[in-house]
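Structure below is upload_15.json: JSON, C-alpha atoms.
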```
[["chain", "number", "residue", "atom", "x", "y", "z"],
["A", 8, "MET", "CA", 125.64, 55.77, -70.14],
["A", 9, "THR", "CA", 127.29, 54.27, -67.29],
["A", 10, "PHE", "CA", 130.97, 54.00, -66.67],
["A", 11, "THR", "CA", 131.09, 50.36, -67.84],
["A", 12, "LYS", "CA", 129.31, 51.12, -71.09],
["A", 13, "PHE", "CA", 131.54, 54.14, -71.62],
["A", 14, "SER", "CA", 134.70, 52.15, -71.04],
["A", 15, "MET", "CA", 133.54, 49.42, -73.39],
["A", 16, "ALA", "CA", 132.70, 51.97, -76.09],
["A", 17, "ALA", "CA", 136.14, 53.58, -75.70],
["A", 18, "SER", "CA", 137.84, 50.19, -76.01],
["A", 19, "VAL", "CA", 135.95, 49.36, -79.20],
["A", 20, "LEU", "CA", 136.76, 52.77, -80.61],
["A", 21, "ALA", "CA", 140.47, 52.46, -79.75],
["A", 22, "PHE", "CA", 140.63, 48.97, -81.24],
["A", 23, "SER", "CA", 138.96, 50.19, -84.44],
["A", 24, "ALA", "CA", 141.35, 53.13, -84.72],
["A", 25, "SER", "CA", 144.37, 50.87, -84.35],
["A", 26, "ALA", "CA", 143.06, 48.73, -87.19],
["A", 27, "LEU", "CA", 143.02, 51.80, -89.44],
["A", 28, "VAL", "CA", 146.71, 52.66, -88.75],
["A", 29, "PRO", "CA", 149.04, 50.18, -90.47],
["A", 30, "ALA", "CA", 151.42, 48.41, -88.13],
["A", 31, "ALA", "CA", 155.15, 49.09, -88.64],
["A", 32, "GLN", "CA", 156.74, 46.07, -90.38],
["A", 33, "ALA", "CA", 160.10, 45.08, -91.83],
["A", 34, "ALA", "CA", 160.53, 45.23, -95.61],
["A", 35, "ASP", "CA", 162.90, 43.02, -97.64],
["A", 36, "PHE", "CA", 163.54, 43.51, -101.38],
["A", 37, "ASP", "CA", 166.26, 43.41, -104.05],
["A", 38, "ASP", "CA", 167.58, 46.53, -105.76],
["A", 39, "TYR", "CA", 170.62, 47.67, -107.76],
["A", 40, "ALA", "CA", 173.53, 49.84, -106.63],
["A", 41, "ARG", "CA", 175.94, 51.75, -108.87],
["A", 42, "VAL", "CA", 179.48, 50.33, -108.87],
["A", 43, "VAL", "CA", 182.06, 53.06, -108.29],
["A", 44, "SER", "CA", 185.27, 51.00, -108.54],
["A", 45, "VAL", "CA", 186.53, 47.41, -108.74],
["A", 46, "THR", "CA", 190.06, 46.51, -107.59],
["A", 47, "PRO", "CA", 191.36, 42.96, -108.11],
["A", 48, "GLN", "CA", 192.90, 41.47, -104.96],
["A", 49, "VAL", "CA", 196.03, 39.70, -106.24],
["A", 50, "GLU", "CA", 198.73, 37.72, -104.47],
["A", 51, "GLN", "CA", 201.98, 36.08, -105.50],
["A", 52, "VAL", "CA", 201.87, 32.31, -104.93],
["A", 53, "ASN", "CA", 204.85, 29.98, -105.13],
["A", 54, "VAL", "CA", 203.98, 26.80, -107.02],
["A", 55, "PRO", "CA", 207.25, 24.84, -106.94],
["A", 56, "ARG", "CA", 207.86, 22.37, -109.72],
["A", 57, "GLN", "CA", 210.29, 19.50, -109.96],
["A", 58, "GLU", "CA", 212.87, 19.40, -112.73],
["A", 59, "CYS", "CA", 214.56, 16.04, -113.34],
["A", 60, "ARG", "CA", 217.25, 14.81, -115.65],
["A", 61, "THR", "CA", 219.11, 11.55, -116.12],
["A", 62, "GLU", "CA", 222.87, 11.54, -115.87],
["A", 63, "TYR", "CA", 225.17, 8.60, -116.37],
["A", 64, "GLU", "CA", 227.54, 7.71, -113.58],
["A", 65, "THR", "CA", 230.63, 5.70, -114.46],
["A", 66, "SER", "CA", 232.14, 3.33, -111.94],
["A", 67, "GLN", "CA", 235.18, 1.08, -112.11],
["A", 68, "ARG", "CA", 235.37, -2.49, -110.92],
["A", 69, "ASN", "CA", 238.36, -4.79, -111.01],
["A", 70, "TYR", "CA", 237.67, -8.31, -112.13],
["A", 71, "PRO", "CA", 240.33, -11.02, -112.25],
["A", 72, "ARG", "CA", 240.70, -11.86, -115.89],
["A", 73, "GLN", "CA", 242.67, -14.68, -117.36],
["A", 74, "GLN", "CA", 245.02, -13.52, -120.03],
["A", 75, "GLN", "CA", 247.20, -15.55, -122.29],
["A", 76, "ALA", "CA", 250.76, -14.42, -121.57],
["A", 77, "GLU", "CA", 253.28, -13.95, -124.31],
["A", 78, "ARG", "CA", 255.76, -16.78, -124.16],
["A", 79, "SER", "CA", 259.21, -17.25, -125.56],
["A", 80, "ASN", "CA", 260.49, -20.57, -126.89],
["A", 81, "GLY", "CA", 264.15, -19.57, -126.80],
["A", 82, "GLY", "CA", 264.68, -20.81, -123.22],
["A", 83, "ALA", "CA", 263.20, -24.22, -124.02],
["A", 84, "ILE", "CA", 265.44, -24.64, -127.07],
["A", 85, "ILE", "CA", 268.62, -23.62, -125.27],
["A", 86, "GLY", "CA", 267.66, -25.68, -122.19],
["A", 87, "GLY", "CA", 266.92, -28.73, -124.37],
["A", 88, "LEU", "CA", 270.29, -28.47, -126.13],
["A", 89, "ALA", "CA", 272.17, -28.00, -122.86],
["A", 90, "GLY", "CA", 270.27, -30.86, -121.17],
["A", 91, "GLY", "CA", 270.84, -33.18, -124.13],
["A", 92, "LEU", "CA", 274.54, -32.35, -124.16],
["A", 93, "LEU", "CA", 274.90, -33.02, -120.43],
["A", 94, "GLY", "CA", 272.84, -36.22, -120.65],
["A", 95, "SER", "CA", 274.99, -37.58, -123.46],
["A", 96, "GLN", "CA", 278.06, -37.32, -121.22],
["A", 97, "VAL", "CA", 276.57, -39.78, -118.74],
["A", 98, "GLY", "CA", 276.63, -43.53, -119.32],
["A", 99, "GLY", "CA", 277.54, -45.51, -122.34],
["A", 100, "GLY", "CA", 275.84, -47.32, -125.25],
["A", 101, "ASN", "CA", 272.01, -47.23, -125.32],
["A", 102, "GLY", "CA", 272.02, -45.69, -121.84],
["A", 103, "ARG", "CA", 273.79, -42.73, -123.24],
["A", 104, "ILE", "CA", 270.95, -42.07, -125.75],
["A", 105, "ALA", "CA", 268.33, -42.41, -123.01],
["A", 106, "ALA", "CA", 270.29, -40.07, -120.73],
["A", 107, "ALA", "CA", 270.61, -37.53, -123.58],
["A", 108, "ALA", "CA", 266.83, -37.71, -124.22],
["A", 109, "VAL", "CA", 265.97, -37.25, -120.51],
["A", 110, "GLY", "CA", 268.51, -34.41, -120.27],
["A", 111, "ALA", "CA", 267.04, -32.70, -123.34],
["A", 112, "VAL", "CA", 263.45, -32.88, -121.98],
["A", 113, "THR", "CA", 264.51, -31.73, -118.50],
["A", 114, "GLY", "CA", 266.67, -28.95, -119.95],
["A", 115, "ALA", "CA", 263.83, -27.76, -122.17],
["A", 116, "ILE", "CA", 261.46, -27.55, -119.17],
["A", 117, "VAL", "CA", 263.99, -25.75, -116.96],
["A", 118, "GLY", "CA", 265.03, -23.38, -119.78],
["A", 119, "ASP", "CA", 261.40, -22.52, -120.53],
["A", 120, "ARG", "CA", 260.67, -21.74, -116.87],
["A", 121, "VAL", "CA", 263.75, -19.58, -116.52],
["A", 122, "ASP", "CA", 263.05, -17.68, -119.75],
["A", 123, "ASN", "CA", 259.33, -17.12, -118.99],
["A", 124, "ASN", "CA", 259.71, -16.39, -115.24],
["A", 125, "GLY", "CA", 257.87, -19.52, -114.23],
["A", 126, "ASN", "CA", 254.76, -18.50, -116.11],
["A", 127, "ASN", "CA", 252.81, -21.51, -117.34],
["A", 128, "GLY", "CA", 250.86, -19.59, -119.98],
["A", 129, "ASN", "CA", 247.98, -18.38, -117.83],
["A", 130, "ASN", "CA", 248.26, -14.91, -116.42],
["A", 131, "TYR", "CA", 245.62, -13.63, -113.96],
["A", 132, "ASN", "CA", 245.62, -9.90, -113.43],
["A", 133, "ASN", "CA", 243.00, -7.41, -112.31],
["A", 134, "GLN", "CA", 241.64, -5.64, -115.32],
["A", 135, "PRO", "CA", 239.50, -2.56, -114.63],
["A", 136, "VAL", "CA", 235.99, -2.74, -116.07],
["A", 137, "TYR", "CA", 234.08, 0.51, -116.49],
["A", 138, "GLU", "CA", 230.30, 0.46, -116.13],
["A", 139, "SER", "CA", 227.83, 3.28, -116.72],
["A", 140, "ARG", "CA", 224.48, 3.36, -115.00],
["A", 141, "PRO", "CA", 221.68, 5.93, -115.25],
["A", 142, "VAL", "CA", 221.13, 8.13, -112.19],
["A", 143, "ARG", "CA", 218.03, 10.34, -112.02],
["A", 144, "GLN", "CA", 218.67, 13.69, -110.36],
["A", 145, "CYS", "CA", 215.80, 16.01, -109.43],
["A", 146, "ARG", "CA", 215.60, 19.48, -107.92],
["A", 147, "ASN", "CA", 212.75, 21.77, -106.92],
["A", 148, "ILE", "CA", 212.44, 25.08, -108.73],
["A", 149, "ASP", "CA", 210.38, 28.01, -107.45],
["A", 150, "SER", "CA", 207.68, 29.07, -109.88],
["A", 151, "TRP", "CA", 205.80, 32.23, -108.86],
["A", 152, "GLU", "CA", 202.29, 32.88, -110.16],
["A", 153, "THR", "CA", 199.99, 35.86, -109.73],
["A", 154, "ARG", "CA", 196.51, 34.81, -108.61],
["A", 155, "THR", "CA", 193.38, 36.90, -108.18],
["A", 156, "ASN", "CA", 191.61, 35.85, -105.00],
["A", 157, "GLY", "CA", 188.73, 38.34, -105.08],
["A", 158, "TYR", "CA", 187.65, 41.87, -106.00],
["A", 159, "ALA", "CA", 187.27, 44.89, -103.71],
["A", 160, "VAL", "CA", 184.02, 46.44, -104.98],
["A", 161, "THR", "CA", 183.05, 49.97, -103.96],
["A", 162, "TYR", "CA", 179.40, 50.78, -104.70],
["A", 163, "GLU", "CA", 176.91, 53.56, -103.98],
["A", 164, "TYR", "CA", 173.30, 53.15, -102.86],
["A", 165, "HIS", "CA", 171.08, 56.15, -101.95],
["A", 166, "ASN", "CA", 174.07, 58.50, -101.70],
["A", 167, "ARG", "CA", 175.95, 56.22, -99.31],
["A", 168, "THR", "CA", 179.19, 54.42, -100.25],
["A", 169, "TYR", "CA", 179.90, 50.79, -99.31],
["A", 170, "THR", "CA", 182.82, 48.42, -99.98],
["A", 171, "SER", "CA", 182.70, 44.64, -100.16],
["A", 172, "VAL", "CA", 185.09, 41.89, -101.28],
["A", 173, "MET", "CA", 183.46, 39.66, -103.87],
["A", 174, "PRO", "CA", 184.61, 36.54, -105.74],
["A", 175, "TYR", "CA", 183.84, 38.12, -109.14],
["A", 176, "ASP", "CA", 183.82, 41.51, -110.91],
["A", 177, "PRO", "CA", 180.14, 42.60, -110.88],
["A", 178, "GLY", "CA", 180.38, 45.10, -113.73],
["A", 179, "SER", "CA", 178.72, 48.55, -113.56],
["A", 180, "ARG", "CA", 175.70, 47.51, -111.46],
["A", 181, "LEU", "CA", 175.53, 45.38, -108.35],
["A", 182, "ARG", "CA", 172.40, 43.55, -107.29],
["A", 183, "ILE", "CA", 171.89, 44.06, -103.54],
["A", 184, "HIS", "CA", 169.38, 42.83, -100.99],
["A", 185, "VAL", "CA", 167.79, 45.61, -98.91],
["A", 186, "SER", "CA", 166.22, 44.95, -95.55],
["A", 187, "LEU", "CA", 164.35, 47.83, -93.86],
["A", 188, "THR", "CA", 163.37, 47.69, -90.23],
["A", 189, "PRO", "CA", 161.86, 50.66, -88.38],
["A", 190, "ARG", "CA", 163.72, 51.98, -85.39],
["A", 191, "PRO", "CA", 161.78, 52.24, -82.14]]
```
For this file, write the structure as structure tokens.
Amino acid sequence: MTFTKFSMAASVLAFSASALVPAAQAADFDDYARVVSVTPQVEQVNVPRQECRTEYETSQRNYPRQQQAERSNGGAIIGGLAGGLLGSQVGGGNGRIAAAAVGAVTGAIVGDRVDNNGNNGNNYNNQPVYESRPVRQCRNIDSWETRTNGYAVTYEYHNRTYTSVMPYDPGSRLRIHVSLTPRP
């Protein structure tokens, strides 16, 4: 055998031997771990709410209002008598009757004005008017709630302890994904 044939035979033998030894590969599979403890992760959250109520607010406005004034007739009667008496003293004959009539009418008007302070029967004064209107008043009230935002899960797999935060309580067993890769 020559060196070339020997080297070729060694290569074939080495290649065949490597085919008999399995190559190191990664392994992925699912398994179960034992849950040691589960602790809820809670927090206090403020959820303010609005509380409203309706109150009635009263306001006052002044409106001019026409009012019928109380009148007295005494001044007109006395004025009419006095005017008639004075008018009858003027003139003579039929003129005297006319003067008495004009004096009575004028006296009645003047007497009425004096007795009623010049008020002609209409009295305007500001009368307060009260109005109620609804007013809605609101205020914010703090409302605290306790919320669970996850679970701290401590589990054991092949005598090693791990902790993870999960969105749910897994119970007594936890399904895990195992990935094995050989170290060089």
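Take the candidates A:Phe36, A:Tyr162, A:Tyr137, A:Tyr63 and check each one against Pro177 in chain A using all atoms listed in the file; the shortest distance goes to A:Tyr162.
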| Of the listed residues A:Gly157, A:Gly81, A:Gly178, A:Pro135, that which approaches Gln67 in chain A most closely, counting all atoms listed in the file | A:Pro135
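With distances taken over all atoms listed in the file, A:Asn80 is the one residue among A:Pro141, A:Asn80, A:Tyr158, A:Arg103 lying closest to Val121 in chain A.
If you measure from each of A:Ile148, A:Val43, A:Asn156, A:Val136 to Met173 in chain A using all atoms listed in the file, the closest one turns out to be A:Asn156.
Using all atoms listed in the file, the residues found no farther than 7 Å from Leu187 in chain A, other than those of its own chain fewer than 6 positions away, are Ala33, Ala34 and Asp35 of chain A.
Minimum atom-to-atom distances from A:Glu50, A:Glu138, A:Asp37, A:Asp122 to Arg154 in chain A were compared using all atoms listed in the file, and the lowest value belongs to A:Glu50.
Within 10 Å of Gln57 in chain A, once all atoms listed in the file are used and residues closer than 6 positions along the same chain are dropped, the contacting residues are Cys145, Arg146, Asn147, Ile148, Asp149 and Ser150 of chain A.
From CA of Pro191 in chain A back to CA of Thr168 in chain A, the distance works out to 25.2 Å.
For the residues A:Asp38, A:Leu92, A:Arg60, A:Val54, ranking by smallest atom-to-atom distance to Val112 in chain A using all atoms listed in the file places A:Leu92 first.
The residue set within 6 Å of range 107-109 of chain A, counting all atoms listed in the file and dropping same-chain residues fewer than 3 places from it, reads A:Gly91, A:Gly94, A:Ser95, A:Ile104, A:Val112.
Across the model, the gap from CA of Gly102 in chain A to CA of Gly118 in chain A is 23.5 Å.
Here CA of Ala105 in chain A is placed at a distance of 16.8 Å from CA of Gly86 in chain A.
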| field | Nearby residues (only C-alpha atoms) at most 7 Å from Leu93 in chain A, same-chain spacing under 3 positions excluded, as a list in words | value | Ala89, Gly90, Gln96, Ala107 and Gly110 of chain A
